[in-house]
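Colleague: Handing you a structure now.
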Amino acid sequence: MSAGQGKVQSLRGLVDLLPQQTPLWQHLEATAREHFRRAGVAEIRTPLLEHTELFARGIGEATDVVGKEMYTFVDRGDRSCTLRPEGTASVVRAAIEHGLLSQGAQRLWYGGPMFRYERPQAGRQRQFHQIGVEWLGVADAASDAEVIALAWDLLAALGVGGLALELNSLGSPEDRAAYREQLVAWLEAHRDQLDADSQARISTNPLRVLDSKNPDTQALLAGAPTLAEALCPESRERFAAVQEALSALAIPFVLNPRLVRGLDYYSHTAFEITSSQLGAQATVCGGGRYDGLVEQLCGAATPAIGWALGMERLVLLLEQRLAAGELQLPAAAPDLYVVSRGAAAERAGLALAVALRRLGLAVERDASGSAFGKQLKRAQRSGAAWVAMIGDDEVASGQLRLKRLGAAGDATAAVPDAESMVPLGDAGAVLTSLRLLNQD
RNA sequence: GCGGGCGUAGCCAAGCGGUUAAGGCAGCGGCUUGUGGCGCCGCCAUUCGGGGGUUCGAUUCCCCUCGCUCGCCCCA
């Protein structure tokens, strides 16, 4: 639905989250926060805008993200700035900049919007949201399993279905360099049998050829040297330890020797969590170990591991559960709905609403001035259990009318509910009455 | 960046060369100056995403454009 000329719309791929949608996001965020709290992970917030160089160096010039997907511009001070396309580089930059790394291991999480100039698609927008975790200064294999468990349990708690954890090891930097040489040699020898994309990748990013979606290429790769064979004994041992730890935590996984990360600083553990209930963009969470990144950004050599999950994709899954009735969000109904008609009554109604809010009650006030029938209808729809009615009669008598509302769709509601009269202008008395009446 | 599908109200949606642009939901007003869920009545698109063209006549046909959507690429 596009607006006519003259109306300004949001930019392509940048969407508004409307009041009907935000409760689901809040649920997701609250669940994540609770899991981070339990795991002793602290929040870090970094700017949305960084020097372009941070991403060029941190993510890699050769990647699609840096090469063609960044929102980059020159600011008024002639600096090249980029809207962050992901969170890891900023977190590492902040940790280095503020000396966090010299204060022991840092277990951090972040969340918020990221920006990539891509063609919008199911589960992919130009401004999208991630929640991610970065553990800096943590080297042991058990931590790899621990950080994966954090993602796995969060997704499980959210109840998303069809989840699968895919796991691989990229080995040490030396393992990978050696393997890369073997692979390039093999690919060159079979160049004429590869698809065009894969041919181009031989020089730019040979490991990426491994997860080509071209069926012929995949068939051919069955005869290629594998990364697993290229791992040194220490790397194999480490990978085995990660797998054992995951098994001990009852987290199922499948080994995927084709799961690679193209960036140089990745090493050892790489993983992805996918959902069968999504479309083409099935990855909900992706992560891995990046022992080389801190050093690459001029910090002291620091082992690190992290992951990020795509909130839009998660919301898509949660919406399915909501539609299926498997997930219920708490309704945001007020405790009391104030209905008033007439100038004096409106003043009394406003005073009451504000006074009760100051006492901690959730109060919605009808400001329409329309007939009581209409206002009560809205009170009903608000989900409020109680309504306070103030009209000319109540102002004259100094007593407001408190009335309990039945559940929506309750057929017995035609029977008048008991009403009670409470002194007008005495919020404390109203509060007391509600407490007493609620005990019935 | 490439390819497919689709744009009629806040939402769903009929119409397929000449209509007063159906209907439903939501909203608003009324029946009931003051008592909710039901009911009834009324209001809610000078116009069919935008621009141009063909035609006596275009929401309907053609072109361009914008947007949405699904996929490729890539990723979360």
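Note on naming: chains are A, B, ... as they come in the structure tokens, residues start from 1 per chain, ligands start from 1 in the order shown.
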I need the chain B residues near chain A as a PDB file with N, CA, C and O atoms (P, O5', C5', C4', C3', O3' and C1' of nucleotides), in the first residue's frame; criterion: at most 6 Å, counting only C-alpha atoms (C1' of nucleotides).
Modeller:
ATOM      1  P     G B   7      -3.426  -6.633  -7.572  1.00  0.00           P
ATOM      2  O5'   G B   7      -3.138  -5.759  -6.295  1.00  0.00           O
ATOM      3  C5'   G B   7      -3.326  -4.383  -6.328  1.00  0.00           C
ATOM      4  C4'   G B   7      -2.840  -3.796  -5.028  1.00  0.00           C
ATOM      5  C3'   G B   7      -3.258  -2.339  -4.875  1.00  0.00           C
ATOM      6  O3'   G B   7      -3.330  -1.976  -3.522  1.00  0.00           O
ATOM      7  C1'   G B   7      -0.911  -2.497  -5.250  1.00  0.00           C
ATOM      8  P     G B  34     -26.612  10.122  26.743  1.00  0.00           P
ATOM      9  O5'   G B  34     -26.722  10.065  28.321  1.00  0.00           O
ATOM     10  C5'   G B  34     -27.808   9.387  28.931  1.00  0.00           C
ATOM     11  C4'   G B  34     -27.228   8.677  30.137  1.00  0.00           C
ATOM     12  C3'   G B  34     -28.311   7.922  30.913  1.00  0.00           C
ATOM     13  O3'   G B  34     -27.986   6.550  30.850  1.00  0.00           O
ATOM     14  C1'   G B  34     -26.834   9.175  32.314  1.00  0.00           C
ATOM     15  P     U B  35     -28.989   5.507  30.343  1.00  0.00           P
ATOM     16  O5'   U B  35     -28.088   4.203  30.230  1.00  0.00           O
ATOM     17  C5'   U B  35     -26.922   4.189  29.382  1.00  0.00           C
ATOM     18  C4'   U B  35     -25.961   3.206  29.996  1.00  0.00           C
ATOM     19  C3'   U B  35     -26.631   1.905  30.388  1.00  0.00           C
ATOM     20  O3'   U B  35     -25.867   0.843  29.832  1.00  0.00           O
ATOM     21  C1'   U B  35     -25.407   2.822  32.212  1.00  0.00           C
ATOM     22  P     G B  36     -26.270   0.166  28.522  1.00  0.00           P
ATOM     23  O5'   G B  36     -24.875  -0.532  28.194  1.00  0.00           O
ATOM     24  C5'   G B  36     -23.850   0.220  27.513  1.00  0.00           C
ATOM     25  C4'   G B  36     -22.643  -0.665  27.349  1.00  0.00           C
ATOM     26  C3'   G B  36     -22.995  -2.101  26.963  1.00  0.00           C
ATOM     27  O3'   G B  36     -23.112  -2.166  25.572  1.00  0.00           O
ATOM     28  C1'   G B  36     -21.461  -2.110  28.761  1.00  0.00           C
ATOM     29  P     G B  37     -24.013  -3.236  24.887  1.00  0.00           P
ATOM     30  O5'   G B  37     -23.015  -4.424  24.564  1.00  0.00           O
ATOM     31  C5'   G B  37     -21.743  -4.207  23.902  1.00  0.00           C
ATOM     32  C4'   G B  37     -21.016  -5.514  23.927  1.00  0.00           C
ATOM     33  C3'   G B  37     -21.862  -6.653  23.392  1.00  0.00           C
ATOM     34  O3'   G B  37     -21.127  -7.482  22.520  1.00  0.00           O
ATOM     35  C1'   G B  37     -21.322  -7.013  25.692  1.00  0.00           C
ATOM     36  P     G B  49      -4.400   1.731  -7.220  1.00  0.00           P
ATOM     37  O5'   G B  49      -3.300   2.658  -6.503  1.00  0.00           O
ATOM     38  C5'   G B  49      -3.584   3.228  -5.239  1.00  0.00           C
ATOM     39  C4'   G B  49      -2.390   4.051  -4.822  1.00  0.00           C
ATOM     40  C3'   G B  49      -1.954   5.097  -5.837  1.00  0.00           C
ATOM     41  O3'   G B  49      -2.706   6.286  -5.710  1.00  0.00           O
ATOM     42  C1'   G B  49      -0.078   3.864  -5.124  1.00  0.00           C
ATOM     43  P     G B  67      10.814   2.850  -3.592  1.00  0.00           P
ATOM     44  O5'   G B  67       9.576   2.075  -2.951  1.00  0.00           O
ATOM     45  C5'   G B  67       8.856   2.655  -1.883  1.00  0.00           C
ATOM     46  C4'   G B  67       7.579   1.889  -1.654  1.00  0.00           C
ATOM     47  C3'   G B  67       7.730   0.427  -1.276  1.00  0.00           C
ATOM     48  O3'   G B  67       8.041   0.272   0.090  1.00  0.00           O
ATOM     49  C1'   G B  67       6.040   0.640  -2.899  1.00  0.00           C
ATOM     50  P     A B  76      25.860 -13.029  10.339  1.00  0.00           P
ATOM     51  O5'   A B  76      24.442 -12.973  11.043  1.00  0.00           O
ATOM     52  C5'   A B  76      24.315 -13.378  12.393  1.00  0.00           C
ATOM     53  C4'   A B  76      22.856 -13.641  12.692  1.00  0.00           C
ATOM     54  C3'   A B  76      22.233 -14.582  11.680  1.00  0.00           C
ATOM     55  O3'   A B  76      22.359 -15.911  12.137  1.00  0.00           O
ATOM     56  C1'   A B  76      20.880 -12.644  11.946  1.00  0.00           C
TER      57        A B  76
END
Colleague: Would you pick out the contacts of segment 27-30 of chain B at 8 Å or less, using only C-alpha atoms (C1' of nucleotides), so that residues sharing its chain but fewer than 5 positions from it are not included, and give the list as a list in words?
Modeller: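 Residues near the query, excluding close chain neighbours: C41, G42, C43 and C44 of chain B.
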Colleague: Quick one: residues within 12 Å of segment 12-24 of chain B, only C-alpha atoms (C1' of nucleotides), excluding same-chain residues fewer than 2 positions away - as an NGL selection string?
Modeller: :B and (8-10 or 26 or 45-48 or 54-61)
Colleague: Pull the helix (DSSP H, G or I) assignments for segment 211-269 of chain A out of DSSP run on the backbone, and list those residues as a PDB file with N, CA and C atoms, in the first residue's frame.
Modeller:
ATOM      1  N   ASP A 211      29.830 -23.863   1.062  1.00  0.00           N
ATOM      2  CA  ASP A 211      28.387 -23.845   1.306  1.00  0.00           C
ATOM      3  C   ASP A 211      27.619 -23.253   0.119  1.00  0.00           C
ATOM      4  N   PRO A 215      23.646 -27.363  -6.714  1.00  0.00           N
ATOM      5  CA  PRO A 215      23.660 -28.812  -6.497  1.00  0.00           C
ATOM      6  C   PRO A 215      24.839 -29.505  -7.182  1.00  0.00           C
ATOM      7  N   ASP A 216      25.171 -29.060  -8.390  1.00  0.00           N
ATOM      8  CA  ASP A 216      26.288 -29.686  -9.094  1.00  0.00           C
ATOM      9  C   ASP A 216      27.599 -29.450  -8.350  1.00  0.00           C
ATOM     10  N   THR A 217      27.764 -28.223  -7.876  1.00  0.00           N
ATOM     11  CA  THR A 217      28.956 -27.889  -7.112  1.00  0.00           C
ATOM     12  C   THR A 217      29.018 -28.731  -5.842  1.00  0.00           C
ATOM     13  N   GLN A 218      27.868 -28.857  -5.184  1.00  0.00           N
ATOM     14  CA  GLN A 218      27.823 -29.653  -3.959  1.00  0.00           C
ATOM     15  C   GLN A 218      28.233 -31.104  -4.234  1.00  0.00           C
ATOM     16  N   ALA A 219      27.747 -31.649  -5.339  1.00  0.00           N
ATOM     17  CA  ALA A 219      28.083 -33.029  -5.694  1.00  0.00           C
ATOM     18  C   ALA A 219      29.590 -33.163  -5.933  1.00  0.00           C
ATOM     19  N   LEU A 220      30.126 -32.185  -6.613  1.00  0.00           N
ATOM     20  CA  LEU A 220      31.542 -32.179  -6.913  1.00  0.00           C
ATOM     21  C   LEU A 220      32.386 -32.120  -5.644  1.00  0.00           C
ATOM     22  N   LEU A 221      31.894 -31.311  -4.676  1.00  0.00           N
ATOM     23  CA  LEU A 221      32.659 -31.079  -3.451  1.00  0.00           C
ATOM     24  C   LEU A 221      32.801 -32.327  -2.591  1.00  0.00           C
ATOM     25  N   LEU A 227      37.767 -29.842   5.778  1.00  0.00           N
ATOM     26  CA  LEU A 227      38.350 -29.047   6.853  1.00  0.00           C
ATOM     27  C   LEU A 227      38.647 -29.944   8.052  1.00  0.00           C
ATOM     28  N   ALA A 228      37.732 -30.878   8.309  1.00  0.00           N
ATOM     29  CA  ALA A 228      37.899 -31.747   9.484  1.00  0.00           C
ATOM     30  C   ALA A 228      39.223 -32.504   9.409  1.00  0.00           C
ATOM     31  N   GLU A 229      39.576 -32.955   8.201  1.00  0.00           N
ATOM     32  CA  GLU A 229      40.829 -33.718   8.045  1.00  0.00           C
ATOM     33  C   GLU A 229      42.043 -32.837   8.240  1.00  0.00           C
ATOM     34  N   ALA A 230      41.856 -31.539   8.023  1.00  0.00           N
ATOM     35  CA  ALA A 230      42.992 -30.624   8.094  1.00  0.00           C
ATOM     36  C   ALA A 230      43.277 -30.143   9.513  1.00  0.00           C
ATOM     37  N   PRO A 233      45.836 -32.135  15.822  1.00  0.00           N
ATOM     38  CA  PRO A 233      45.313 -32.909  16.964  1.00  0.00           C
ATOM     39  C   PRO A 233      44.731 -32.028  18.065  1.00  0.00           C
ATOM     40  N   GLU A 234      45.383 -30.911  18.360  1.00  0.00           N
ATOM     41  CA  GLU A 234      44.879 -30.037  19.431  1.00  0.00           C
ATOM     42  C   GLU A 234      43.492 -29.483  19.078  1.00  0.00           C
ATOM     43  N   SER A 235      43.339 -29.071  17.810  1.00  0.00           N
ATOM     44  CA  SER A 235      42.054 -28.517  17.382  1.00  0.00           C
ATOM     45  C   SER A 235      40.969 -29.585  17.440  1.00  0.00           C
ATOM     46  N   ARG A 236      41.330 -30.803  17.050  1.00  0.00           N
ATOM     47  CA  ARG A 236      40.353 -31.897  17.103  1.00  0.00           C
ATOM     48  C   ARG A 236      39.919 -32.173  18.522  1.00  0.00           C
ATOM     49  N   GLU A 237      40.891 -32.153  19.388  1.00  0.00           N
ATOM     50  CA  GLU A 237      40.603 -32.411  20.798  1.00  0.00           C
ATOM     51  C   GLU A 237      39.668 -31.344  21.354  1.00  0.00           C
ATOM     52  N   ARG A 238      39.980 -30.117  20.974  1.00  0.00           N
ATOM     53  CA  ARG A 238      39.170 -29.006  21.449  1.00  0.00           C
ATOM     54  C   ARG A 238      37.734 -29.130  20.946  1.00  0.00           C
ATOM     55  N   PHE A 239      37.592 -29.456  19.677  1.00  0.00           N
ATOM     56  CA  PHE A 239      36.265 -29.595  19.075  1.00  0.00           C
ATOM     57  C   PHE A 239      35.499 -30.736  19.746  1.00  0.00           C
ATOM     58  N   ALA A 240      36.200 -31.816  20.016  1.00  0.00           N
ATOM     59  CA  ALA A 240      35.563 -32.950  20.704  1.00  0.00           C
ATOM     60  C   ALA A 240      35.075 -32.522  22.083  1.00  0.00           C
ATOM     61  N   ALA A 241      35.878 -31.698  22.757  1.00  0.00           N
ATOM     62  CA  ALA A 241      35.495 -31.239  24.097  1.00  0.00           C
ATOM     63  C   ALA A 241      34.231 -30.385  24.038  1.00  0.00           C
ATOM     64  N   VAL A 242      34.112 -29.550  23.008  1.00  0.00           N
ATOM     65  CA  VAL A 242      32.907 -28.721  22.854  1.00  0.00           C
ATOM     66  C   VAL A 242      31.695 -29.625  22.642  1.00  0.00           C
ATOM     67  N   GLN A 243      31.861 -30.621  21.799  1.00  0.00           N
ATOM     68  CA  GLN A 243      30.748 -31.529  21.516  1.00  0.00           C
ATOM     69  C   GLN A 243      30.340 -32.301  22.768  1.00  0.00           C
ATOM     70  N   GLU A 244      31.333 -32.747  23.521  1.00  0.00           N
ATOM     71  CA  GLU A 244      31.021 -33.479  24.754  1.00  0.00           C
ATOM     72  C   GLU A 244      30.255 -32.595  25.721  1.00  0.00           C
ATOM     73  N   ALA A 245      30.695 -31.348  25.831  1.00  0.00           N
ATOM     74  CA  ALA A 245      30.022 -30.424  26.756  1.00  0.00           C
ATOM     75  C   ALA A 245      28.582 -30.177  26.330  1.00  0.00           C
ATOM     76  N   LEU A 246      28.368 -30.038  25.033  1.00  0.00           N
ATOM     77  CA  LEU A 246      27.002 -29.820  24.545  1.00  0.00           C
ATOM     78  C   LEU A 246      26.141 -31.035  24.837  1.00  0.00           C
ATOM     79  N   SER A 247      26.687 -32.204  24.613  1.00  0.00           N
ATOM     80  CA  SER A 247      25.934 -33.424  24.874  1.00  0.00           C
ATOM     81  C   SER A 247      25.589 -33.530  26.355  1.00  0.00           C
ATOM     82  N   ALA A 248      26.553 -33.169  27.190  1.00  0.00           N
ATOM     83  CA  ALA A 248      26.310 -33.226  28.633  1.00  0.00           C
ATOM     84  C   ALA A 248      25.205 -32.256  29.040  1.00  0.00           C
TER      85      ALA A 248
END
